[in-house]
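Q: Here you go, target.tsv (TSV, C-alpha atoms and all ligand atoms):
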```tsv
chain	number	residue	atom	x	y	z
A	427	MET	CA	-12.03	12.58	-1.11
A	428	THR	CA	-8.36	13.39	-1.55
A	429	THR	CA	-5.68	11.51	0.36
A	430	ASN	CA	-2.26	12.74	1.41
A	431	GLN	CA	-0.79	9.27	1.24
A	432	THR	CA	2.59	9.31	-0.50
A	433	TRP	CA	5.15	6.53	-0.73
A	434	ASN	CA	8.85	6.61	-0.06
A	435	PRO	CA	10.27	3.43	-1.65
A	436	GLU	CA	13.19	3.13	0.83
A	437	ALA	CA	10.93	3.54	3.88
A	438	TYR	CA	8.41	1.19	2.27
A	439	ALA	CA	11.03	-1.52	1.74
A	440	ARG	CA	12.18	-1.11	5.38
A	441	ASN	CA	8.75	-0.93	7.09
A	442	ALA	CA	6.58	-2.89	4.68
A	443	GLY	CA	8.76	-5.49	2.94
A	444	PHE	CA	6.47	-8.10	4.52
A	445	VAL	CA	3.59	-6.97	2.28
A	446	ALA	CA	5.07	-8.61	-0.82
A	447	GLN	CA	6.49	-11.54	1.13
A	448	LEU	CA	3.09	-12.39	2.61
A	449	GLY	CA	1.48	-11.92	-0.81
A	450	GLU	CA	3.41	-14.81	-2.35
A	451	PRO	CA	0.60	-17.40	-1.77
A	452	LEU	CA	-1.53	-15.24	-4.05
A	453	ILE	CA	0.83	-16.06	-6.91
A	454	ASP	CA	0.04	-19.76	-6.30
A	455	LEU	CA	-3.67	-18.96	-6.51
A	456	LEU	CA	-3.08	-17.14	-9.81
A	457	ALA	CA	-1.09	-20.12	-11.16
A	458	PRO	CA	0.65	-17.96	-13.79
A	459	GLN	CA	1.54	-19.67	-17.07
A	460	PRO	CA	4.60	-18.77	-19.15
A	461	GLY	CA	3.68	-16.38	-21.94
A	462	GLU	CA	0.52	-15.10	-20.27
A	463	ARG	CA	-0.06	-11.34	-20.26
A	464	VAL	CA	-0.64	-10.27	-16.65
A	465	LEU	CA	-1.48	-6.86	-15.21
A	466	ASP	CA	-0.22	-6.28	-11.66
A	467	LEU	CA	-2.68	-3.72	-10.29
A	468	GLY	CA	-1.11	-1.67	-7.49
A	469	CYS	CA	2.33	-3.12	-8.11
A	470	GLY	CA	4.14	-0.82	-5.66
A	471	ASP	CA	7.89	-1.22	-5.95
A	472	GLY	CA	7.44	-4.30	-8.16
A	473	VAL	CA	8.63	-7.11	-5.87
A	474	LEU	CA	5.77	-9.45	-6.87
A	475	THR	CA	5.69	-8.11	-10.45
A	476	GLU	CA	9.25	-9.34	-10.75
A	477	LYS	CA	8.21	-12.79	-9.51
A	478	LEU	CA	5.48	-12.94	-12.15
A	479	ALA	CA	8.04	-11.99	-14.80
A	480	THR	CA	10.38	-14.69	-13.50
A	481	ALA	CA	7.49	-17.19	-13.86
A	482	GLY	CA	7.55	-16.35	-17.59
A	483	CYS	CA	4.64	-13.92	-17.75
A	484	ILE	CA	4.65	-10.75	-19.81
A	485	VAL	CA	3.79	-8.38	-16.99
A	486	VAL	CA	2.74	-4.76	-16.83
A	487	GLY	CA	2.69	-3.17	-13.38
A	488	VAL	CA	0.56	-0.13	-12.60
A	489	ASP	CA	0.45	1.99	-9.47
A	490	GLY	CA	-0.81	5.44	-8.52
A	491	SER	CA	2.52	6.40	-6.95
A	492	PRO	CA	5.18	7.82	-9.31
A	493	GLU	CA	7.84	7.08	-6.65
A	494	GLN	CA	6.90	3.40	-6.43
A	495	ILE	CA	6.73	3.15	-10.22
A	496	ALA	CA	10.25	4.59	-10.46
A	497	ALA	CA	11.41	1.89	-8.00
A	498	ALA	CA	9.68	-0.82	-10.08
A	499	ARG	CA	11.23	0.52	-13.31
A	500	ALA	CA	14.64	0.45	-11.64
A	501	LYS	CA	14.13	-3.35	-11.43
A	502	GLY	CA	13.79	-3.37	-15.24
A	503	LEU	CA	10.00	-3.87	-15.16
A	504	ASP	CA	7.37	-2.44	-17.50
A	505	ALA	CA	5.67	-0.28	-14.88
A	506	ARG	CA	3.39	2.68	-15.45
A	507	VAL	CA	1.58	5.26	-13.34
A	508	ALA	CA	-2.16	4.63	-13.59
A	509	ASP	CA	-5.32	4.91	-11.49
A	510	GLY	CA	-7.08	1.61	-10.80
A	511	HIS	CA	-10.44	3.33	-11.20
A	512	ASN	CA	-9.60	4.27	-14.76
A	513	LEU	CA	-7.20	1.76	-16.31
A	514	PRO	CA	-6.02	2.51	-19.85
A	515	PHE	CA	-6.38	-1.08	-21.13
A	516	ASP	CA	-8.95	-2.84	-23.28
A	517	GLY	CA	-9.13	-6.64	-23.68
A	518	GLU	CA	-5.36	-7.07	-23.36
A	519	PHE	CA	-4.67	-9.32	-20.37
A	520	ASP	CA	-5.10	-13.01	-19.53
A	521	ALA	CA	-5.11	-12.11	-15.84
A	522	VAL	CA	-5.20	-9.17	-13.46
A	523	PHE	CA	-3.35	-9.74	-10.20
A	524	SER	CA	-3.56	-7.42	-7.19
A	525	ASN	CA	-1.95	-7.73	-3.76
A	526	ALA	CA	-2.60	-5.28	-0.90
A	527	ALA	CA	-3.72	-2.47	-3.17
A	528	LEU	CA	-7.48	-2.69	-3.75
A	529	HIS	CA	-8.23	-1.42	-0.23
A	530	TRP	CA	-6.69	1.94	-1.22
A	531	MET	CA	-9.25	2.32	-4.03
A	532	ARG	CA	-12.45	3.74	-2.60
A	533	GLU	CA	-14.77	3.20	-5.56
A	534	PRO	CA	-14.73	-0.59	-5.97
A	535	ASP	CA	-17.36	-0.81	-8.72
A	536	ARG	CA	-15.30	1.49	-10.94
A	537	VAL	CA	-12.19	-0.60	-10.23
A	538	ILE	CA	-13.98	-3.88	-10.99
A	539	ALA	CA	-15.33	-2.40	-14.23
A	540	ALA	CA	-11.84	-1.18	-15.23
A	541	VAL	CA	-10.38	-4.65	-14.50
A	542	ALA	CA	-13.14	-6.35	-16.52
A	543	ARG	CA	-12.37	-4.01	-19.44
A	544	ALA	CA	-8.63	-4.73	-19.23
A	545	LEU	CA	-9.16	-8.53	-19.42
A	546	LYS	CA	-9.61	-10.75	-22.44
A	547	PRO	CA	-12.87	-12.80	-22.39
A	548	GLY	CA	-12.36	-15.64	-19.87
A	549	GLY	CA	-9.55	-13.71	-18.15
A	550	ARG	CA	-8.92	-14.10	-14.42
A	551	PHE	CA	-8.99	-11.56	-11.60
A	552	VAL	CA	-7.04	-12.78	-8.57
A	553	GLY	CA	-6.59	-10.49	-5.60
A	554	GLU	CA	-5.99	-10.01	-1.92
A	555	MET	CA	-6.85	-6.94	0.10
A	556	GLY	CA	-7.76	-5.85	3.60
A	557	GLY	CA	-11.20	-7.20	4.50
A	558	ALA	CA	-13.88	-6.33	7.07
A	559	GLY	CA	-12.28	-5.89	10.51
A	560	ASN	CA	-8.81	-5.27	9.11
A	561	ILE	CA	-6.51	-3.35	11.50
A	562	ALA	CA	-9.53	-2.76	13.76
A	563	SER	CA	-7.41	-1.85	16.78
A	564	VAL	CA	-5.33	0.66	14.81
A	565	TRP	CA	-8.46	2.21	13.34
A	566	ALA	CA	-10.12	2.53	16.79
A	567	ALA	CA	-6.98	4.17	18.19
A	568	LEU	CA	-6.81	6.59	15.25
A	569	VAL	CA	-10.47	7.54	15.65
A	570	ASP	CA	-10.04	8.22	19.41
A	571	THR	CA	-6.70	10.02	19.15
A	572	LEU	CA	-7.83	12.31	16.34
A	573	ALA	CA	-11.24	12.92	17.97
A	574	ARG	CA	-9.42	14.36	21.00
A	575	ARG	CA	-8.11	17.02	18.58
A	576	GLY	CA	-11.51	17.59	17.01
A	577	ILE	CA	-10.68	15.63	13.85
A	578	ASP	CA	-13.15	13.11	12.42
A	579	ALA	CA	-10.93	10.27	11.13
A	580	ALA	CA	-13.84	8.73	9.20
A	581	ALA	CA	-14.00	11.82	7.00
A	582	PHE	CA	-10.44	11.08	5.81
A	583	ASN	CA	-10.63	7.27	5.75
A	584	PRO	CA	-8.53	6.20	2.73
A	585	TRP	CA	-9.32	2.49	3.15
A	586	TYR	CA	-12.03	0.13	1.90
A	587	PHE	CA	-12.29	-3.17	3.79
A	588	PRO	CA	-15.32	-5.14	2.50
A	589	THR	CA	-16.92	-8.35	3.72
A	590	ALA	CA	-16.69	-11.42	1.47
A	591	GLU	CA	-20.45	-11.18	0.78
A	592	GLU	CA	-20.21	-7.55	-0.32
A	593	TYR	CA	-17.21	-8.03	-2.61
A	594	HIS	CA	-18.67	-11.26	-4.05
A	595	ALA	CA	-21.83	-9.34	-5.00
A	596	ARG	CA	-19.82	-6.50	-6.54
A	597	LEU	CA	-17.71	-8.93	-8.61
A	598	GLU	CA	-20.84	-10.68	-9.91
A	599	ALA	CA	-22.50	-7.37	-10.71
A	600	GLY	CA	-19.34	-6.47	-12.64
A	601	GLY	CA	-19.69	-9.57	-14.83
A	602	PHE	CA	-17.31	-11.93	-12.99
A	603	VAL	CA	-17.88	-15.54	-11.97
A	604	VAL	CA	-16.41	-15.95	-8.47
A	605	LYS	CA	-14.45	-19.19	-8.01
A	606	SER	CA	-13.40	-18.54	-4.42
A	607	ILE	CA	-13.54	-15.71	-1.90
A	608	THR	CA	-12.38	-15.98	1.71
A	609	LEU	CA	-12.05	-13.60	4.63
A	610	PHE	CA	-9.45	-14.71	7.15
A	611	PRO	CA	-7.47	-13.21	10.04
A	612	ARG	CA	-3.76	-12.87	9.38
A	613	PRO	CA	-2.06	-11.40	12.45
A	614	THR	CA	0.99	-9.71	10.96
A	615	THR	CA	4.35	-9.38	12.69
A	616	LEU	CA	6.01	-6.07	11.92
A	617	PRO	CA	9.72	-5.90	11.15
A	618	GLY	CA	10.12	-3.02	13.63
A	619	ASP	CA	8.20	-0.57	15.75
A	620	ILE	CA	4.55	0.33	15.19
A	621	SER	CA	5.67	3.94	14.68
A	622	GLY	CA	7.35	2.94	11.39
A	623	TRP	CA	4.09	1.29	10.28
A	624	LEU	CA	2.09	4.39	11.23
A	625	GLU	CA	4.49	6.68	9.37
A	626	THR	CA	4.43	4.45	6.28
A	627	PHE	CA	0.70	3.76	6.07
A	628	GLY	CA	-0.92	6.62	7.99
A	629	GLY	CA	0.10	9.43	5.68
A	630	THR	CA	-3.48	10.41	4.94
A	631	PHE	CA	-3.93	11.38	8.57
A	632	LEU	CA	-0.42	12.42	9.55
A	633	SER	CA	1.15	14.22	6.62
A	634	PRO	CA	-1.03	17.38	6.87
A	635	MET	CA	0.28	17.90	10.46
A	636	ASP	CA	3.44	19.69	11.50
A	637	ALA	CA	6.34	17.48	12.57
A	638	ALA	CA	5.84	18.05	16.32
A	639	THR	CA	2.12	17.22	16.27
A	640	ARG	CA	2.80	14.19	14.09
A	641	ALA	CA	5.40	12.87	16.55
A	642	GLN	CA	3.02	13.48	19.48
A	643	ILE	CA	0.17	11.64	17.78
A	644	ILE	CA	2.38	8.70	16.87
A	645	ASP	CA	3.49	8.51	20.53
A	646	GLU	CA	-0.12	8.56	21.71
A	647	LEU	CA	-1.13	5.89	19.20
A	648	ARG	CA	1.82	3.76	20.22
A	649	GLU	CA	0.85	3.93	23.90
A	650	THR	CA	-2.82	3.17	23.14
A	651	LEU	CA	-1.90	0.18	20.97
A	652	ARG	CA	0.85	-1.22	23.16
A	653	PRO	CA	-1.37	-3.47	25.39
A	654	ALA	CA	-3.17	-5.04	22.42
A	655	LEU	CA	-0.41	-5.31	19.84
A	656	LEU	CA	2.99	-5.53	21.58
A	657	THR	CA	3.85	-9.07	22.65
A	658	PRO	CA	5.79	-9.80	25.88
A	659	GLU	CA	8.75	-10.57	23.58
A	660	GLY	CA	8.68	-6.98	22.32
A	661	VAL	CA	7.29	-7.75	18.86
A	662	TRP	CA	4.45	-5.72	17.32
A	663	VAL	CA	1.72	-7.89	15.77
A	664	VAL	CA	-1.06	-6.05	13.91
A	665	ASP	CA	-4.58	-7.48	13.55
A	666	TYR	CA	-4.72	-7.79	9.78
A	667	VAL	CA	-7.72	-9.48	8.14
A	668	ARG	CA	-7.41	-10.46	4.49
A	669	LEU	CA	-9.97	-10.92	1.75
A	670	ARG	CA	-8.62	-13.25	-0.95
A	671	PHE	CA	-10.50	-14.08	-4.12
A	672	SER	CA	-10.28	-15.62	-7.55
A	673	ALA	CA	-12.78	-14.78	-10.29
A	674	SER	CA	-13.03	-14.94	-14.04
A	675	ARG	CA	-14.88	-13.00	-16.72
A	701	LIG	C1	-3.32	-3.67	4.55
A	701	LIG	O1	-2.47	-4.14	3.81
A	701	LIG	O2	-4.29	-4.30	4.92
A	701	LIG	C2	-3.20	-2.25	5.00
A	701	LIG	C3	-2.02	-1.63	4.94
A	701	LIG	C4	-1.96	-0.34	5.38
A	701	LIG	C5	-3.03	0.32	5.85
A	701	LIG	C6	-4.19	-0.32	5.89
A	701	LIG	C7	-4.28	-1.62	5.48
```
Would you encode the structure as structure tokens?
Ligand code: BEZ
A:
Amino acid sequence: MTTNQTWNPEAYARNAGFVAQLGEPLIDLLAPQPGERVLDLGCGDGVLTEKLATAGCIVVGVDGSPEQIAAARAKGLDARVADGHNLPFDGEFDAVFSNAALHWMREPDRVIAAVARALKPGGRFVGEMGGAGNIASVWAALVDTLARRGIDAAAFNPWYFPTAEEYHARLEAGGFVVKSITLFPRPTTLPGDISGWLETFGGTFLSPMDAATRAQIIDELRETLRPALLTPEGVWVVDYVRLRFSASR
């Protein structure tokens, strides 16, 4: 499957700055120690990578998006374009950290194997991603809206949202000992309108369309989602569900 998802660092910072902010508790779970070598897998524009560096870690950030990597490098970080399914590291890191990125990687066993390879023996893998039921209302609206145009959204689904049981089993099969793994709802308040969220995260579905169709679809999605996700105070709250885990090799 190919995805048309691309990232614009300015739009990402505007529409999705909350992603890094809400990922901060994951740094506590990692408990980074000064001098540790840490890989930030799916580092995006490097906001959390920078926090790990400030904690005294020697951090390398990797991301599939050249635009996001350029934004991370502009912060002075060691950031490189790489595919999480095929990481170019062997026994180098004390820990691999990943916030809100693993759900974009559709072959989890390859990712887990690449992480295991990148770690030193005893190294930790601490991550958070979308879990089973994540953005269920947005997904249902996408499926319906695209079906009305004869498009099967499932055929283009760029996301992987596992249950805790499934991911636990995959981690164990990949040679990890799981210390904790939890699936929990995290209703997420958007900084602006749902249309900004859809434009930022729905590129796989929307970017192949011409501008007029894209605008029409976003309008339709907005109207479908309004009763479930727009509060009486005029704030959009999306039904995120997170899967958070800590494991070691
Ligand atoms: C997430 O962080 O869970 C997510 C973000 C964008 C699209 C899908 C999921």
Q: Mind pulling up the distance from CA of Asn434 in chain A to CA of Leu669 in chain A?
A: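 Distance reported for this atom pair: 25.8 Å.
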Q: Would you list the residues that come within 10 Å of ligand LIG 701 (chain A)? Count all atoms listed in the file and give the answer as a PDB file with C-alpha atoms, in the frame of the given file.
A:
```pdb
ATOM      1  CA  ALA A 442       6.580  -2.890   4.680  1.00  0.00           C
ATOM      2  CA  PHE A 444       6.470  -8.100   4.520  1.00  0.00           C
ATOM      3  CA  VAL A 445       3.590  -6.970   2.280  1.00  0.00           C
ATOM      4  CA  ALA A 446       5.070  -8.610  -0.820  1.00  0.00           C
ATOM      5  CA  GLY A 449       1.480 -11.920  -0.810  1.00  0.00           C
ATOM      6  CA  ASN A 525      -1.950  -7.730  -3.760  1.00  0.00           C
ATOM      7  CA  ALA A 526      -2.600  -5.280  -0.900  1.00  0.00           C
ATOM      8  CA  ALA A 527      -3.720  -2.470  -3.170  1.00  0.00           C
ATOM      9  CA  LEU A 528      -7.480  -2.690  -3.750  1.00  0.00           C
ATOM     10  CA  HIS A 529      -8.230  -1.420  -0.230  1.00  0.00           C
ATOM     11  CA  TRP A 530      -6.690   1.940  -1.220  1.00  0.00           C
ATOM     12  CA  GLU A 554      -5.990 -10.010  -1.920  1.00  0.00           C
ATOM     13  CA  MET A 555      -6.850  -6.940   0.100  1.00  0.00           C
ATOM     14  CA  GLY A 556      -7.760  -5.850   3.600  1.00  0.00           C
ATOM     15  CA  GLY A 557     -11.200  -7.200   4.500  1.00  0.00           C
ATOM     16  CA  GLY A 559     -12.280  -5.890  10.510  1.00  0.00           C
ATOM     17  CA  ASN A 560      -8.810  -5.270   9.110  1.00  0.00           C
ATOM     18  CA  ILE A 561      -6.510  -3.350  11.500  1.00  0.00           C
ATOM     19  CA  ALA A 562      -9.530  -2.760  13.760  1.00  0.00           C
ATOM     20  CA  VAL A 564      -5.330   0.660  14.810  1.00  0.00           C
ATOM     21  CA  TRP A 565      -8.460   2.210  13.340  1.00  0.00           C
ATOM     22  CA  ASN A 583     -10.630   7.270   5.750  1.00  0.00           C
ATOM     23  CA  PRO A 584      -8.530   6.200   2.730  1.00  0.00           C
ATOM     24  CA  TRP A 585      -9.320   2.490   3.150  1.00  0.00           C
ATOM     25  CA  TYR A 586     -12.030   0.130   1.900  1.00  0.00           C
ATOM     26  CA  PHE A 587     -12.290  -3.170   3.790  1.00  0.00           C
ATOM     27  CA  ARG A 612      -3.760 -12.870   9.380  1.00  0.00           C
ATOM     28  CA  THR A 614       0.990  -9.710  10.960  1.00  0.00           C
ATOM     29  CA  TRP A 623       4.090   1.290  10.280  1.00  0.00           C
ATOM     30  CA  LEU A 624       2.090   4.390  11.230  1.00  0.00           C
ATOM     31  CA  THR A 626       4.430   4.450   6.280  1.00  0.00           C
ATOM     32  CA  PHE A 627       0.700   3.760   6.070  1.00  0.00           C
ATOM     33  CA  GLY A 628      -0.920   6.620   7.990  1.00  0.00           C
ATOM     34  CA  GLY A 629       0.100   9.430   5.680  1.00  0.00           C
ATOM     35  CA  VAL A 664      -1.060  -6.050  13.910  1.00  0.00           C
ATOM     36  CA  ASP A 665      -4.580  -7.480  13.550  1.00  0.00           C
ATOM     37  CA  TYR A 666      -4.720  -7.790   9.780  1.00  0.00           C
ATOM     38  CA  VAL A 667      -7.720  -9.480   8.140  1.00  0.00           C
ATOM     39  CA  ARG A 668      -7.410 -10.460   4.490  1.00  0.00           C
ATOM     40  CA  LEU A 669      -9.970 -10.920   1.750  1.00  0.00           C
TER      41      LEU A 669
END
```
Q: For a test of reading the model, state the distance in Å between CA of Asp570 in chain A and CA of Ser633 in chain A, rounded to one decimal.
A: 18.0 Å
Q: Would you compute the distance between CA of Pro435 in chain A and CA of Ala500 in chain A? Give it in Å to one decimal.
A: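 Calculated distance between CA of Pro435 in chain A and CA of Ala500 in chain A is 11.3 Å.
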Q: Point out the residue among A:Arg596, A:Arg550, A:Lys477, A:Lys501 with the least atom-to-atom distance to Glu533 in chain A, counting all atoms listed in the file.
A: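 With all atoms listed in the file as the atom set, the closest residue is A:Arg596.
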Q: Let me make sure I understand: among A:Ile620, A:Ala508, A:Ala595, A:Val473, which one has the smallest atom-to-atom distance to Arg648 in chain A if we use all atoms listed in the file?
A: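 Among A:Ile620, A:Ala508, A:Ala595, A:Val473, it is A:Ile620 that comes nearest to Arg648 in chain A.
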Q: Just the residues within 7 Å of Gly461 in chain A, please, counting all atoms listed in the file, with nothing from its chain fewer than 3 positions along; format it as a PyMOL selection string.
A: chain A and resi 482-484
Q: In the coordinates of the file, take the point (3.6, -11.5, -10.4) and a cut-off of 6 Å; then, counting only C-alpha atoms, name each qualifying protein, DNA or RNA residue as a list in words.
A: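 Nearby residues: Leu474, Thr475, Lys477 and Leu478 of chain A.
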Q: Between A:His594, A:Glu493, A:Ala542, A:Phe631, single out the one closest to Asp578 in chain A, counting all atoms listed in the file.
A: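 Comparing A:His594, A:Glu493, A:Ala542, A:Phe631 against Asp578 in chain A, the winner is A:Phe631.
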